[in-house]
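The next block holds one structure in the form of structure tokens; read it before the comments.
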Amino acid sequence: MDRPSVSIVMGSNSDWGVMQHAANVLKNFCIPHETLIISAHRTPDRMFGYAETARARGIKCIIAGAGGAAHLPGMIAAKTILPVLGVPVTSKHLQGVDSLLSIVQMPKGVPVATFAIGDVGATNAALYAIAILATEDASLAEKLNQFRKEQAATVTSMTLPEA
Ligand SMILES: Nc1c(C(=O)O)ncn1[C@@H]1O[C@H](COP(=O)(O)O)[C@@H](O)[C@H]1O
């Protein structure tokens with residue numbers, strides 16, 4: 001098994017329903033990745049250790065998903081210079097708007113690329129991670145181009161019911 005180049009982390013196993021969409025995209029593109037549960041709030045020391053060592057382990061970018069007071073992506077970004085892609089997980093009471101705002105409003109100097117709430121955000125974060133890797137991998141770039149072409153063909157062949 002190749003060393004993972006993308007790391008997917010989430011605050012709880014309850015986030016998996018959303019975050020599995022990121023893992024599936026990476027799997028479809030044959031990107032070696034890891035999936036971990038780490039919480040800035042509940043396991044702060046583990047989170048620090050993880051963020052401080054991820055780059056040396058060969059990780060190229062981190063997809064971090066969390067819900068509610070979603071400080072995980074921002075706190076990871078505070079401890080690593082790797083690109084952090086934040087996924088706001090849909091929450092029970094505020095439908096993920098709380099997660100989105102917690103992730104997107106980072107202070108100047110410590111960026112987190114923030115994606116849409118839920119499944120779409122997780123999917124796009126993985127596609128973005130692939131785009132990052134593809135800047136230095138011609139065959140991956142070709143795969144990504146092919147994906148876009150297939151997507152365009154699907155939309156082009158869409159039909160509507162007769163009026
Ligand atoms: N937002 C965070 C963090 C964090 O940001 O460190 N750690 C856990 N959580 C979130 O709490 C929610 C509820 O978690 P539980 O289902 O375990 O109670 C999850 O969406 C998780 O991401």
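As shown in the structure tokens, the chain order sets the letters A, B, ...; within each chain, residues go from 1, and ligands are also counted from 1 in the order they appear.
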
Note to self: Give me, as an MDAnalysis selection string, the residues of chain A that a backbone DSSP run labels helix (DSSP H, G or I).
What the structure shows: chainID A and resid 13:28 44:53 72:79 97:104 119:134 138:156

Next item on the list: Determine, counting only C-alpha atoms, which protein, DNA and RNA residues have an atom within 8 Å of an atom of Gly118 of chain A; residues of the same chain fewer than 2 positions away are not included. Present the result as a list in words.
Entry: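 My list of contacting residues is Val18, Val87, Pro88, Val89, Thr90, Gly96, Ala116, Val120, Gly121 and Ala122 of chain A.
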
Check: Using the chain letters and numbers from this document, which residues of segment 7-114 of chain A does DSSP assign to strand (DSSP E or B), as a PyMOL selection string?
Finding: chain A and resi 7-10+33-37+61-67+84-89+113-114

Next item on the list: Could you pull out the residues sitting within 6 Å of ligand 1, using only C-alpha atoms and all ligand atoms, and write them as a ChimeraX atom specification?
Entry: /A:10-12,14-15,39-41,66-72,89

Next item on the list: Rank A:Met75, A:Ile37, A:Val9, A:Ala22 by their smallest atom-to-atom distance to Glu52 of chain A, using only C-alpha atoms, and report the top residue only.
Entry: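 Selected residue with least distance to Glu52 of chain A: A:Met75.
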
Checklist line | Top pick for closest residue to Asn13 of chain A, considering A:Val25, A:Ala51, A:Ile81, A:Ile38 and counting only C-alpha atoms | finding: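 The shortest atom-to-atom distance to Asn13 of chain A comes from A:Ile38.
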
Next item on the list: Record the distance separating atom CA of Val6 of chain A and atom CA of Ala64 of chain A, expressed in Å with one decimal.
Entry: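 Answer for the atom CA of Val6 of chain A to atom CA of Ala64 of chain A separation: 10.6 Å.
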